[in-house]
file data_25.cif (mmCIF, C-alpha atoms)
data_protein
#
loop_
_atom_site.label_atom_id
_atom_site.label_comp_id
_atom_site.auth_asym_id
_atom_site.auth_seq_id
_atom_site.Cartn_x
_atom_site.Cartn_y
_atom_site.Cartn_z
CA MET E 1 123.91 86.80 39.38
CA ALA E 2 125.03 88.02 42.77
CA ASP E 3 125.85 91.56 41.62
CA GLU E 4 122.24 92.14 40.59
CA LYS E 5 120.91 91.21 44.01
CA LYS E 6 119.65 94.09 46.04
CA ARG E 7 121.42 94.25 49.35
CA THR E 8 119.16 94.77 52.36
CA THR E 9 120.63 96.94 55.07
CA ILE E 10 119.27 96.88 58.57
CA ASP E 11 120.45 98.78 61.59
CA LEU E 12 121.26 95.85 63.86
CA ASN E 13 121.35 98.13 66.89
CA ASN E 14 117.56 98.18 66.72
CA LEU E 15 117.58 94.45 67.40
CA LYS E 16 119.85 94.49 70.43
CA ALA E 17 117.13 94.25 73.07
CA GLY E 18 114.98 91.93 71.02
CA GLY E 19 111.37 92.85 70.40
CA PHE E 20 111.40 91.62 66.79
CA ILE E 21 109.89 88.16 66.85
CA LYS E 22 109.91 85.73 63.93
CA GLU E 23 106.50 84.80 62.55
CA ARG E 24 105.41 81.72 60.61
CA GLY E 25 105.59 83.25 57.16
CA LYS E 26 108.72 84.09 55.20
CA ASP E 27 110.30 87.48 56.01
CA LEU E 28 107.60 88.40 58.49
CA PHE E 29 108.05 89.46 62.07
CA THR E 30 105.98 90.64 65.00
CA VAL E 31 107.21 93.88 66.49
CA ARG E 32 106.54 94.08 70.21
CA LEU E 33 106.20 97.61 71.51
CA ARG E 34 107.54 98.93 74.76
CA VAL E 35 104.59 99.97 76.88
CA PRO E 36 105.66 99.98 80.54
CA GLY E 37 102.68 99.61 82.84
CA GLY E 38 100.35 99.43 79.85
CA ARG E 39 99.79 103.17 79.79
CA MET E 40 99.55 104.66 76.32
CA THR E 41 98.96 108.30 75.51
CA VAL E 42 96.37 108.91 72.83
CA PRO E 43 98.81 110.60 70.39
CA ARG E 44 101.16 107.63 70.71
CA LEU E 45 98.29 105.27 70.04
CA LYS E 46 97.46 107.20 66.89
CA LYS E 47 101.06 107.03 65.71
CA ILE E 48 101.14 103.28 66.31
CA ALA E 49 97.92 102.90 64.35
CA ALA E 50 99.44 104.82 61.44
CA VAL E 51 102.59 102.66 61.44
CA ALA E 52 100.53 99.46 61.72
CA GLU E 53 98.40 100.54 58.79
CA LYS E 54 101.42 101.38 56.65
CA TYR E 55 103.68 98.40 57.43
CA GLY E 56 101.66 95.79 59.30
CA GLY E 57 98.82 93.37 58.87
CA GLU E 58 95.11 93.87 59.30
CA PHE E 59 95.21 93.81 63.10
CA VAL E 60 97.48 94.34 66.04
CA HIS E 61 97.67 92.07 69.05
CA LEU E 62 97.34 93.22 72.65
CA SER E 63 99.77 91.01 74.54
CA VAL E 64 99.17 89.55 77.98
CA ARG E 65 101.95 91.78 79.31
CA GLN E 66 100.28 94.99 78.19
CA SER E 67 102.16 95.48 74.97
CA ILE E 68 100.79 96.30 71.55
CA GLU E 69 102.32 93.95 68.99
CA LEU E 70 102.43 94.90 65.33
CA VAL E 71 102.08 91.78 63.20
CA ASN E 72 103.22 90.88 59.68
CA ILE E 73 106.07 93.37 59.58
CA ASN E 74 108.54 92.62 56.77
CA PHE E 75 112.10 92.53 58.11
CA ARG E 76 113.16 94.94 55.36
CA ASP E 77 110.98 97.55 57.01
CA PHE E 78 112.55 97.25 60.48
CA ASP E 79 114.46 100.51 60.24
CA ALA E 80 111.49 102.46 58.88
CA VAL E 81 109.12 101.01 61.47
CA ALA E 82 111.51 101.81 64.33
CA ALA E 83 112.12 105.32 62.98
CA GLU E 84 108.46 106.16 62.41
CA LEU E 85 107.42 104.79 65.80
CA GLY E 86 110.23 106.86 67.28
CA GLU E 87 108.66 110.02 65.85
CA GLY E 88 105.73 109.33 68.16
CA GLY E 89 107.97 108.54 71.14
CA GLN E 90 107.23 104.84 70.83
CA ARG E 91 110.04 102.35 71.24
CA VAL E 92 110.35 98.64 70.62
CA ALA E 93 110.27 96.21 73.55
CA SER E 94 112.58 93.39 74.63
CA CYS E 95 112.52 89.63 74.45
CA GLY E 96 114.95 86.83 75.25
CA ALA E 97 117.10 86.52 78.38
CA ARG E 98 116.64 90.09 79.45
CA VAL E 99 114.74 92.27 81.88
CA ARG E 100 111.35 92.64 80.24
CA VAL E 101 109.05 95.63 80.18
CA PRO E 102 107.37 95.88 83.59
CA THR E 103 103.61 95.53 83.92
CA ALA E 104 101.46 97.56 86.28
CA CYS E 105 97.87 98.25 87.16
CA GLY E 106 96.09 101.40 86.02
CA GLY E 107 97.37 103.81 88.56
CA CYS E 108 96.59 105.33 91.90
CA GLU E 109 95.56 108.71 90.45
CA TYR E 110 92.24 107.33 89.31
CA ASN E 111 91.85 103.81 90.70
CA PRO E 112 90.31 104.10 94.17
CA ASN E 113 92.05 100.92 95.37
CA GLY E 114 95.56 102.05 94.47
CA LEU E 115 97.85 102.53 97.45
CA VAL E 116 101.12 103.29 95.68
CA ASP E 117 102.11 104.79 92.34
CA THR E 118 102.67 101.63 90.30
CA GLN E 119 102.81 103.57 87.04
CA LYS E 120 105.72 105.62 88.33
CA SER E 121 107.49 102.47 89.53
CA ALA E 122 106.99 100.74 86.17
CA LEU E 123 108.40 103.73 84.29
CA GLU E 124 111.40 103.93 86.59
CA VAL E 125 112.22 100.26 86.25
CA ASP E 126 111.74 100.45 82.51
CA GLU E 127 114.04 103.43 82.26
CA LYS E 128 116.80 102.03 84.47
CA LEU E 129 116.72 98.29 83.83
CA PHE E 130 115.05 97.71 80.47
CA GLY E 131 116.79 95.11 78.36
CA THR E 132 119.45 94.26 80.96
CA GLU E 133 120.93 90.90 79.98
CA THR E 134 120.50 88.33 82.72
CA GLY E 135 122.85 85.79 81.18
CA HIS E 136 120.32 83.06 81.94
CA HIS E 137 116.67 83.56 81.17
CA LYS E 138 113.95 86.18 80.96
CA PHE E 139 113.30 88.35 84.00
CA LYS E 140 109.86 89.79 84.62
CA VAL E 141 108.73 92.49 86.99
CA GLY E 142 105.17 93.50 87.79
CA PHE E 143 103.47 96.06 90.01
CA ALA E 144 100.09 95.78 91.70
CA GLY E 145 98.77 98.80 93.54
CA CYS E 146 96.95 96.88 96.25
CA PRO E 147 96.36 93.34 97.51
CA PHE E 148 93.59 92.78 94.95
CA ASP E 149 96.63 92.24 92.77
CA CYS E 150 95.05 92.43 89.31
CA PRO E 151 98.53 92.19 87.67
CA LYS E 152 99.21 88.86 89.47
CA SER E 153 102.47 90.18 90.89
CA ALA E 154 103.60 86.87 92.40
CA THR E 155 103.84 85.25 88.95
CA ASN E 156 106.75 87.57 88.12
CA ASP E 157 110.41 86.99 88.92
CA VAL E 158 110.02 89.99 91.21
CA GLY E 159 106.48 91.06 91.99
CA PHE E 160 105.45 94.15 93.91
CA GLN E 161 102.15 94.70 95.68
CA GLY E 162 101.16 98.03 97.21
CA ALA E 163 100.59 98.05 100.97
CA VAL E 164 99.75 100.42 103.79
CA TRP E 165 100.21 99.81 107.47
CA PRO E 166 97.09 101.18 109.18
CA GLU E 167 97.25 102.88 112.53
CA LEU E 168 94.25 103.61 114.71
CA ASN E 169 93.80 106.75 116.78
CA LEU E 170 90.78 106.03 118.97
CA ASN E 171 90.45 109.70 119.97
CA GLU E 172 89.27 110.46 116.45
CA CYS E 173 86.96 107.42 116.23
CA ILE E 174 83.20 108.07 116.18
CA GLY E 175 82.38 104.36 116.47
CA CYS E 176 80.55 104.27 113.14
CA GLY E 177 81.50 100.63 112.58
CA LEU E 178 82.38 101.09 108.91
CA CYS E 179 85.98 99.86 109.26
CA ILE E 180 84.88 96.69 111.03
CA LYS E 181 82.49 95.89 108.21
CA SER E 182 84.96 96.95 105.49
CA CYS E 183 87.75 94.69 106.65
CA THR E 184 87.42 91.49 104.67
CA GLU E 185 90.27 89.86 106.60
CA GLY E 186 88.63 90.07 110.01
CA ALA E 187 91.57 92.14 111.21
CA ILE E 188 89.33 94.65 112.96
CA ALA E 189 87.19 93.39 115.81
CA ALA E 190 84.66 95.35 117.86
CA ASP E 191 85.16 95.94 121.57
CA ALA E 192 82.26 95.97 124.06
CA ASP E 193 81.32 99.53 122.97
CA GLY E 194 81.44 98.62 119.28
CA ARG E 195 84.72 100.45 118.76
CA PRO E 196 87.45 98.96 116.58
CA VAL E 197 90.30 96.81 117.85
CA PHE E 198 93.14 96.14 115.40
CA LEU E 199 94.38 92.55 115.03
CA PRO E 200 97.60 93.16 113.06
CA GLU E 201 98.46 89.49 112.51
CA LYS E 202 95.39 89.17 110.25
CA CYS E 203 96.01 92.36 108.27
CA THR E 204 97.02 92.11 104.58
CA TRP E 205 97.72 95.88 104.40
CA CYS E 206 95.01 96.69 101.86
CA GLY E 207 94.10 100.01 103.46
CA ASP E 208 90.33 99.55 103.16
CA CYS E 209 89.92 100.76 106.76
CA VAL E 210 91.83 103.96 105.96
CA LYS E 211 89.77 104.50 102.82
CA VAL E 212 86.38 104.13 104.48
CA CYS E 213 87.11 105.88 107.78
CA PRO E 214 85.12 109.12 107.85
CA THR E 215 87.23 110.85 110.50
CA GLU E 216 90.81 109.83 109.77
CA ALA E 217 90.95 107.76 112.95
CA TRP E 218 92.64 105.20 110.71
CA LYS E 219 95.74 106.56 109.02
CA ALA E 220 98.44 105.06 106.83
CA ALA E 221 101.45 104.94 109.11
CA LYS E 222 103.67 103.24 106.54
CA ARG E 223 103.40 102.73 102.80
CA GLY E 224 105.40 100.66 100.36
CA TYR E 225 105.56 97.37 98.50
CA THR E 226 105.10 93.79 99.59
CA VAL E 227 107.71 91.96 97.50
CA ARG E 228 107.44 88.37 96.30
CA ILE E 229 110.26 86.71 94.40
CA GLY E 230 110.66 83.66 92.19
CA GLY E 231 107.38 83.47 90.32
CA LYS E 232 106.91 82.43 86.71
CA TRP E 233 104.20 80.86 84.56
CA GLY E 234 104.52 78.64 81.51
CA ARG E 235 105.17 74.91 81.48
CA HIS E 236 106.20 74.66 85.12
CA PRO E 237 104.55 77.48 87.04
CA LEU E 238 105.84 78.83 90.33
CA VAL E 239 104.27 81.38 92.61
CA GLY E 240 106.78 83.75 94.16
CA THR E 241 107.10 84.00 97.93
CA LEU E 242 107.50 86.81 100.42
CA PHE E 243 110.97 88.33 100.69
CA ALA E 244 110.32 91.91 101.79
CA THR E 245 107.60 94.14 103.18
CA PHE E 246 107.01 97.88 103.02
CA LEU E 247 109.82 98.43 100.56
CA PRO E 248 109.83 102.19 99.92
CA GLU E 249 108.76 103.10 96.40
CA ASP E 250 112.00 104.97 95.74
CA ARG E 251 114.10 101.84 96.41
CA VAL E 252 112.44 99.54 93.89
CA VAL E 253 115.12 99.80 91.19
CA GLU E 254 117.88 99.23 93.72
CA PHE E 255 116.04 96.18 95.06
CA ILE E 256 115.55 94.60 91.63
CA ALA E 257 119.20 95.28 90.78
CA ALA E 258 120.22 93.42 93.95
CA VAL E 259 118.02 90.44 93.01
CA LEU E 260 119.46 90.46 89.49
CA ALA E 261 123.01 90.42 90.85
CA TRP E 262 122.21 87.37 92.98
CA TYR E 263 120.52 85.66 90.03
CA LYS E 264 123.42 86.29 87.66
CA GLU E 265 125.91 84.93 90.15
CA ASN E 266 123.96 81.93 91.39
CA ALA E 267 122.69 80.74 88.01
CA GLU E 268 126.24 80.78 86.62
CA GLY E 269 126.85 77.72 84.47
CA LEU E 270 123.29 76.43 84.85
CA GLY E 271 122.05 77.62 81.47
CA ARG E 272 118.57 78.82 80.73
CA VAL E 273 117.02 78.69 84.19
CA ARG E 274 114.55 81.10 85.76
CA LEU E 275 115.19 82.79 89.09
CA GLY E 276 112.55 80.77 90.97
CA ASP E 277 114.19 77.47 90.08
CA ILE E 278 117.55 78.79 91.25
CA ILE E 279 116.00 79.80 94.58
CA ILE E 280 114.53 76.32 94.94
CA SER E 281 117.88 74.66 94.26
CA LYS E 282 120.03 77.04 96.35
CA GLY E 283 117.57 77.61 99.18
CA THR E 284 115.99 80.89 100.24
CA ASP E 285 118.54 81.86 102.91
CA SER E 286 121.24 82.85 100.45
CA LEU E 287 119.00 85.35 98.66
CA LEU E 288 117.51 86.59 101.93
CA SER E 289 120.91 87.37 103.42
CA HIS E 290 122.13 88.93 100.15
CA LEU E 291 119.13 91.28 100.21
CA ARG E 292 119.20 91.86 103.96
CA SER E 293 122.62 93.45 103.79
CA ARG E 294 121.10 96.27 101.71
CA PHE E 295 117.53 96.28 103.01
CA PRO E 296 117.78 95.27 106.68
CA GLU E 297 114.47 96.85 107.65
CA GLN E 298 112.41 95.39 104.83
CA VAL E 299 113.70 91.88 104.26
CA GLU E 300 111.94 88.98 105.96
CA GLU E 301 113.55 86.92 108.67
CA LYS E 302 112.54 83.70 106.93
CA THR E 303 110.52 82.69 103.92
CA ILE E 304 109.46 79.63 101.96
CA PRO E 305 110.71 78.61 98.50
CA PRO E 306 108.66 79.58 95.42
CA GLN E 307 105.53 77.45 95.44
CA VAL E 308 105.21 74.83 92.73
CA ILE E 309 101.87 74.71 90.94
CA ASP E 310 100.95 71.19 89.97
CA THR E 311 99.78 71.37 86.36
CA GLN E 312 98.75 67.68 86.52
CA VAL E 313 100.29 67.07 83.08
CA GLY E 314 103.64 65.30 82.72
CA ASP E 315 105.59 64.16 85.78
CA GLY E 316 106.96 67.64 86.54
CA ILE E 317 110.54 66.37 86.85
CA LEU E 318 113.06 68.36 84.84
CA MET V 1 64.66 111.18 107.62
CA HIS V 2 65.26 110.50 103.92
CA THR V 3 65.64 106.80 103.29
CA VAL V 4 66.84 105.30 100.03
CA ASP V 5 66.26 101.59 99.71
CA LEU V 6 69.13 100.13 97.69
CA ARG V 7 68.54 96.53 98.67
CA GLY V 8 68.67 94.16 95.74
CA VAL V 9 70.47 96.76 93.62
CA CYS V 10 73.90 95.75 92.33
CA CYS V 11 77.11 97.73 92.18
CA PRO V 12 77.56 100.21 90.63
CA THR V 13 73.85 100.92 90.11
CA ASN V 14 73.34 101.26 93.88
CA PHE V 15 76.03 103.93 94.09
CA VAL V 16 74.67 105.83 91.09
CA LYS V 17 71.14 105.68 92.55
CA ALA V 18 72.53 107.00 95.85
CA LYS V 19 74.23 109.84 93.96
CA LEU V 20 71.00 110.70 92.15
CA ALA V 21 69.06 110.66 95.43
CA LEU V 22 71.63 112.91 97.09
CA GLU V 23 71.32 115.40 94.24
CA MET V 24 67.68 115.91 95.27
CA VAL V 25 68.37 116.95 98.88
CA ASP V 26 69.96 120.05 100.39
CA GLU V 27 73.47 120.20 101.75
CA GLY V 28 73.59 119.05 105.38
CA THR V 29 70.64 116.67 105.00
CA VAL V 30 71.10 113.32 106.70
CA VAL V 31 70.11 110.37 104.53
CA GLU V 32 69.78 106.68 105.32
CA LEU V 33 70.78 104.16 102.67
CA LEU V 34 69.67 100.57 102.96
CA LEU V 35 72.35 98.26 101.59
CA ASN V 36 72.79 94.54 101.18
CA ASP V 37 75.63 92.74 102.87
CA GLY V 38 78.65 91.87 100.72
CA GLU V 39 79.91 94.09 97.92
CA PRO V 40 77.31 96.86 98.38
CA VAL V 41 78.09 97.53 102.04
CA LYS V 42 81.80 97.39 101.30
CA ASN V 43 81.83 99.58 98.20
CA VAL V 44 79.08 102.18 98.51
CA PRO V 45 80.26 103.88 101.73
CA ARG V 46 83.79 104.28 100.45
CA SER V 47 82.62 105.63 97.11
CA LEU V 48 80.37 108.18 98.80
CA LYS V 49 83.25 109.26 101.02
CA GLY V 50 85.27 109.69 97.83
CA GLU V 51 82.55 112.04 96.55
CA GLY V 52 83.03 114.18 99.64
CA HIS V 53 79.99 113.19 101.69
CA LYS V 54 80.23 112.64 105.43
CA LEU V 55 79.76 109.07 106.65
CA LEU V 56 78.04 109.04 110.02
CA GLY V 57 77.46 105.41 110.84
CA LEU V 58 76.65 101.89 109.81
CA LYS V 59 74.23 99.59 111.62
CA GLN V 60 72.97 96.15 110.80
CA ALA V 61 69.18 95.89 110.78
CA GLU V 62 67.36 92.92 112.23
CA GLU V 63 66.44 91.75 108.75
CA GLY V 64 70.15 91.42 107.94
CA HIS V 65 70.69 94.38 105.64
CA TYR V 66 72.77 97.43 106.59
CA VAL V 67 71.70 101.01 107.21
CA LEU V 68 74.31 103.59 106.23
CA THR V 69 73.77 107.07 107.61
CA ILE V 70 75.41 109.89 105.69
CA GLU V 71 75.27 113.65 105.52
CA LYS V 72 75.25 115.37 102.18
CA VAL V 73 78.24 117.64 101.64
CA GLY V 74 78.47 120.05 98.71
CA GLU V 75 75.99 120.88 95.97
#
call {"tool": "encode", "arguments": {"input": "data_25.cif", "output": "structure tokens"}}
result
Amino acid sequence: MADEKKRTTIDLNNLKAGGFIKERGKDLFTVRLRVPGGRMTVPRLKKIAAVAEKYGGEFVHLSVRQSIELVNINFRDFDAVAAELGEGGQRVASCGARVRVPTACGGCEYNPNGLVDTQKSALEVDEKLFGTETGHHKFKVGFAGCPFDCPKSATNDVGFQGAVWPELNLNECIGCGLCIKSCTEGAIAADADGRPVFLPEKCTWCGDCVKVCPTEAWKAAKRGYTVRIGGKWGRHPLVGTLFATFLPEDRVVEFIAAVLAWYKENAEGLGRVRLGDIIISKGTDSLLSHLRSRFPEQVEEKTIPPQVIDTQVGDGIL
Amino acid sequence: MHTVDLRGVCCPTNFVKAKLALEMVDEGTVVELLLNDGEPVKNVPRSLKGEGHKLLGLKQAEEGHYVLTIEKVGE
């Protein structure tokens, strides 16, 4: 009796970027929320809790990529869930072969290690590139504020790590010795008078010397991102490698867009392949020169291909 | 000279103990903090600088620990 059936209407535009993920049970979906950089205002959190209580299961899941996922959402409620979340300024995330929601560490306003504003970068990338179709596979971006790299930036397709280039003005130095002790890389040696000598080839640009220096003898002469490209995790993990240094914060979106353009073009016809595997098959020079034309001062002269992690299971041959 | 022995005290307890000790002295007082090598000597000076105190110097003692000299700034 087809005419007695109730027709379900769903606004399919809500599904365009993905974010609604099929669950085991009939009719049920997980709704992944868009939380760039993992920062969530308290009012938004309350709104999410209300929606989860009304439409979802008994719990929510905090995803590895800093999202809140509502579970056990009936597909008939998609429109209502999207609309009610929207009242609190909360939007649904992406999945599939698209640019995903960027991850980032807590933020330089309150984390004493932070060298750059990763939260701002994550929001910018989310605003400008969210959901962009790659035509091939997923595309992940992550921001770490310093070389501690809590967000594991090099496991992203494009990973950013905050960096400062320290510069020493010996006229201001009181010879306290704190920078020498603070430098875990051994990049600051002591001269005969116990005053610091900078060994730049050992420096990883963490800025610890600048942070501890009591007199501002050490200053940040340059600030930006160390950029690694081609990382991924999963069945066949790759760690991304160094493509650019001291990329200015305000050129991050432009940089990712340039990488995306290379990826789209070079993965053409190869199906569902991640960026790192394309770099391995095409070689690093092509991507380096593509990027160098736009970022001549930041892009490396040479680099190595994304580094394969041996999972020791299977033969690793695709 | 005020000396606060923070050897064998882990982060962040060593920093909090240093803060509490600094609360008890007047502005401008120079205090010596005894710190273990490793995390304490790396973290405590920077955190105290972040609180606005003036770092004056760091010396390794013969016994292996570090002596951080700082001047209290602010109330």
call {"tool": "interface_residues", "arguments": {"input": "data_25.cif", "of": "chain E", "to": "chain V", "cutoff": "8 Å", "atoms": "all atoms listed in the file", "output": "PDB file with C-alpha atoms, in the frame of the given file"}}
result
ATOM      1  CA  GLY E 175      82.380 104.360 116.470  1.00  0.00           C
ATOM      2  CA  CYS E 176      80.550 104.270 113.140  1.00  0.00           C
ATOM      3  CA  GLY E 177      81.500 100.630 112.580  1.00  0.00           C
ATOM      4  CA  LEU E 178      82.380 101.090 108.910  1.00  0.00           C
ATOM      5  CA  LYS E 181      82.490  95.890 108.210  1.00  0.00           C
ATOM      6  CA  SER E 182      84.960  96.950 105.490  1.00  0.00           C
ATOM      7  CA  LYS E 211      89.770 104.500 102.820  1.00  0.00           C
ATOM      8  CA  VAL E 212      86.380 104.130 104.480  1.00  0.00           C
ATOM      9  CA  PRO E 214      85.120 109.120 107.850  1.00  0.00           C
TER      10      PRO E 214
END
call {"tool": "resolve_selection", "arguments": {"input": "data_25.cif", "expression": "the PyMOL selection byres ((chain E and resi 271) around 9)", "output": "list in words"}}
result
Gly135, His136, His137, Ala267, Glu268, Gly269, Leu270, Arg272 and Val273 of chain E
call {"tool": "resolve_selection", "arguments": {"input": "data_25.cif", "expression": "the PyMOL selection byres ((chain V and resi 10) around 12)", "output": "PyMOL selection string"}}
result
chain V and resi 6-9+11-18+35-41+43-44
call {"tool": "resolve_selection", "arguments": {"input": "data_25.cif", "expression": "the PyMOL selection byres ((chain E and resi 87) around 12)", "output": "list in words"}}
result
Pro43, Arg44, Lys46, Lys47, Ile48, Ala50, Val51, Ala80, Val81, Ala82, Ala83, Glu84, Leu85, Gly86, Gly88, Gly89, Gln90 and Arg91 of chain E
call {"tool": "closest_residue", "arguments": {"input": "data_25.cif", "among": "E:Cys105, E:Leu247, E:Ile73, E:Cys173", "to": "Asp27 in chain E", "atoms": "all atoms listed in the file"}}
result
E:Ile73
call {"tool": "closest_residue", "arguments": {"input": "data_25.cif", "among": "V:Gly64, V:Val25, V:Leu34, V:Lys19", "to": "Thr3 in chain V", "atoms": "all atoms listed in the file"}}
result
V:Leu34
call {"tool": "residues_around", "arguments": {"input": "data_25.cif", "residues": "Gly145 in chain E", "least_positions_apart": "6", "cutoff": "12 Å", "atoms": "only C-alpha atoms", "output": "PyMOL selection string"}}
result
chain E and resi 37+103-122+151-153+159-164+205-207+223-227+249
call {"tool": "write_last_selection", "arguments": {"input": "data_25.cif", "atoms": "C-alpha atoms", "output": "PDB file, in the coordinates of the input"}}
result
ATOM      1  CA  GLY E  37     102.680  99.610  82.840  1.00  0.00           C
ATOM      2  CA  THR E 103     103.610  95.530  83.920  1.00  0.00           C
ATOM      3  CA  ALA E 104     101.460  97.560  86.280  1.00  0.00           C
ATOM      4  CA  CYS E 105      97.870  98.250  87.160  1.00  0.00           C
ATOM      5  CA  GLY E 106      96.090 101.400  86.020  1.00  0.00           C
ATOM      6  CA  GLY E 107      97.370 103.810  88.560  1.00  0.00           C
ATOM      7  CA  CYS E 108      96.590 105.330  91.900  1.00  0.00           C
ATOM      8  CA  GLU E 109      95.560 108.710  90.450  1.00  0.00           C
ATOM      9  CA  TYR E 110      92.240 107.330  89.310  1.00  0.00           C
ATOM     10  CA  ASN E 111      91.850 103.810  90.700  1.00  0.00           C
ATOM     11  CA  PRO E 112      90.310 104.100  94.170  1.00  0.00           C
ATOM     12  CA  ASN E 113      92.050 100.920  95.370  1.00  0.00           C
ATOM     13  CA  GLY E 114      95.560 102.050  94.470  1.00  0.00           C
ATOM     14  CA  LEU E 115      97.850 102.530  97.450  1.00  0.00           C
ATOM     15  CA  VAL E 116     101.120 103.290  95.680  1.00  0.00           C
ATOM     16  CA  ASP E 117     102.110 104.790  92.340  1.00  0.00           C
ATOM     17  CA  THR E 118     102.670 101.630  90.300  1.00  0.00           C
ATOM     18  CA  GLN E 119     102.810 103.570  87.040  1.00  0.00           C
ATOM     19  CA  LYS E 120     105.720 105.620  88.330  1.00  0.00           C
ATOM     20  CA  SER E 121     107.490 102.470  89.530  1.00  0.00           C
ATOM     21  CA  ALA E 122     106.990 100.740  86.170  1.00  0.00           C
ATOM     22  CA  PRO E 151      98.530  92.190  87.670  1.00  0.00           C
ATOM     23  CA  LYS E 152      99.210  88.860  89.470  1.00  0.00           C
ATOM     24  CA  SER E 153     102.470  90.180  90.890  1.00  0.00           C
ATOM     25  CA  GLY E 159     106.480  91.060  91.990  1.00  0.00           C
ATOM     26  CA  PHE E 160     105.450  94.150  93.910  1.00  0.00           C
ATOM     27  CA  GLN E 161     102.150  94.700  95.680  1.00  0.00           C
ATOM     28  CA  GLY E 162     101.160  98.030  97.210  1.00  0.00           C
ATOM     29  CA  ALA E 163     100.590  98.050 100.970  1.00  0.00           C
ATOM     30  CA  VAL E 164      99.750 100.420 103.790  1.00  0.00           C
ATOM     31  CA  TRP E 205      97.720  95.880 104.400  1.00  0.00           C
ATOM     32  CA  CYS E 206      95.010  96.690 101.860  1.00  0.00           C
ATOM     33  CA  GLY E 207      94.100 100.010 103.460  1.00  0.00           C
ATOM     34  CA  ARG E 223     103.400 102.730 102.800  1.00  0.00           C
ATOM     35  CA  GLY E 224     105.400 100.660 100.360  1.00  0.00           C
ATOM     36  CA  TYR E 225     105.560  97.370  98.500  1.00  0.00           C
ATOM     37  CA  THR E 226     105.100  93.790  99.590  1.00  0.00           C
ATOM     38  CA  VAL E 227     107.710  91.960  97.500  1.00  0.00           C
ATOM     39  CA  GLU E 249     108.760 103.100  96.400  1.00  0.00           C
TER      40      GLU E 249
END
call {"tool": "residues_around", "arguments": {"input": "data_25.cif", "residues": "Asn171 in chain E", "least_positions_apart": "3", "cutoff": "9 Å", "atoms": "all atoms listed in the file", "output": "ChimeraX atom specification"}}
result
/E:168,174,217
call {"tool": "write_last_selection", "arguments": {"input": "data_25.cif", "atoms": "C-alpha atoms", "output": "compact mmCIF listing (two decimals), in the frame of the given file"}}
result
# COMPACT_ATOMS: atom_id res chain seq x y z
CA LEU E 168 94.25 103.61 114.71
CA ILE E 174 83.20 108.07 116.18
CA ALA E 217 90.95 107.76 112.95
call {"tool": "residues_around", "arguments": {"input": "data_25.cif", "residues": "Leu15 in chain E", "least_positions_apart": "4", "cutoff": "10 Å", "atoms": "only C-alpha atoms", "output": "VMD selection string"}}
result
chain E and resid 10 to 11 19 to 21 78 to 79 92 to 95
call {"tool": "closest_residue", "arguments": {"input": "data_25.cif", "among": "E:Cys203, E:Ala52, E:Val35, E:Val313", "to": "Asn72 in chain E", "atoms": "all atoms listed in the file"}}
result
E:Ala52
call {"tool": "atom_distance", "arguments": {"input": "data_25.cif", "atom1": "CA of Thr241 in chain E", "atom2": "CA of Asp285 in chain E"}}
result
12.7 Å
